[in-house]
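Heads up: the structure comes next, in structure tokens.
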Amino acid sequence: MLRRTAPRTTATVTATATVLAGSLWHEAAGAVLRRSGGPYGPLREPDANGIALPEGFSSRIVARTGRRIGGVLWHPAPDGGACFPDGDGWIYVSNSEAPLLGGASAIRFGPDGAVAGAYRILSGTDFNRAGGRTPWNSWLSCEEILRGRVFECDPYGSRAAMPRLAMGRFRHEAVSCDPDRGVVYLTEDEPDGCFYRFRPAYWGDLTSGVLEVLCAASGRGRVTWRRVPDPGGSREATRDQVGDARRFSGGEGCHYADGLCFFTTRGDNRVWAYDAEREHLEVAYDADAPATGAVTTPPSDLYVAGGGGDMEINLITPGRVVTPVLRISGHPRSEITGPAFSPGGDRLYFSSRRGPRGDAAGTDGVTYEVTGPFRR
């Protein structure tokens, strides 16, 4: 287990979840994170958008809550997000953590980065917090409410979003696909929540399948999976249906790579590592404060977003160096959400969920783009 030795930064909880993926996980056993200078150099003074960036980088505001972009009003409380290829351009999808008006919206960009349009891909849902991208280029948007649902959305706007009820009805947070085993992992944001996997009847089709919950087994770190009798939770919550289900304190982010699935728990600020080949679970990292999102780039760098008094996106290199890549000033009661790179890797999208006013409803949310010489 890795323990935090670096100075306090919200970058480190979800950080290990991706930086230690695959072979890096085994190579980094016993390593520590250290806050130091990174490949981009120090941050300059905040620009006109209030974002401090290294030399050679620039920012722009793409969308603001309640203002029109590409023909639609941008949603409140922008949250989880992802980018998808679209011919010579790309699409950025963003969830909305708002009641009733939640759902998700998409912005289409042309090859030069100009906004070519925007549209809703999901409406009429509640508190769409995180989610995840599938290998077949759909977006799974998760409701973080009692008996919440997972909706499979078309980022291209051609097909209507559909609820995938076989994936269970509970307080969903994030999902991550494991194409090696044809399963989807799911986290649950409850103080005594569980960790699930969904085994679809056919990979690429989430309309039917089996929902299972992780359970403790004999032997240190060994786990088993047991079927959830009633995924709909109509009479009893899914987390209470299997007696020996393993409990976790507020499931958050989830990431799968190379046989390992990492997920975070905000109640105890831990990163858990599930070895899917060995069916083994262990605490990968203990830290001081949770992160709100993470995204990787091809050289195995990790960019992790924070919130509150630390409105930064930090870079963590494979060499365990932690350094800020950007910092938003004037948003003390917000958090950074939805970090995602364009397919070319030269543009990073993210949002300040509550914006400068910091109201809980997220009526002042701002979505940004940063362009620069990101390592690829």
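How things are named: the first chain in the structure tokens is A, the next is B, and so on; residues count from 1 in each chain; ligands count from 1 in the order shown.
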* Which polymer residues have any atom within 9 Å of an atom of segment 181-186 of chain A, counting only C-alpha atoms, with same-chain residues fewer than 2 positions away left out, as a ChimeraX atom specification? -> /A:131,167,172-179,188,194-200,202-204,251,254-256,259,261,276
* Could you pull out all residues of segment 3-246 of chain A with a DSSP call of alpha helix (DSSP H) and give them as a list in words? -> Ala15, Thr16, Ala17, Thr18, Val19, Ser23, Leu24, Trp25, His26 and Glu27 of chain A
* To do: Check the DSSP output for the backbone and give back, as an MDAnalysis selection string, the residues of segment 58-168 of chain A in strand (DSSP E or B).
  => chainID A and resid 58:64 68:69 72:73 78:86 89:96 104:109 115:122 128:133 139:143 150:153 162:163
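When only C-alpha atoms are used to measure the gap to Val150 of chain A, the shortest distance among A:Glu212, A:Glu282, A:Asp47, A:Asp126 belongs to A:Asp126.
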* Asked: Near Trp225 of chain A, counting only C-alpha atoms, which residues have an atom at most 9 Å away, once you skip same-chain residues fewer than 2 positions from it, shown as JSON, numbers by chain?
  -> {"A": [196, 197, 212, 213, 214, 215, 216, 223, 227, 245]}
* **segment 94-98 of chain A environment, 6 Å, only C-alpha atoms, sequence neighbours closer than 3 positions dropped, as a PyMOL selection string** => chain A and resi 77-81+101-105+127-129
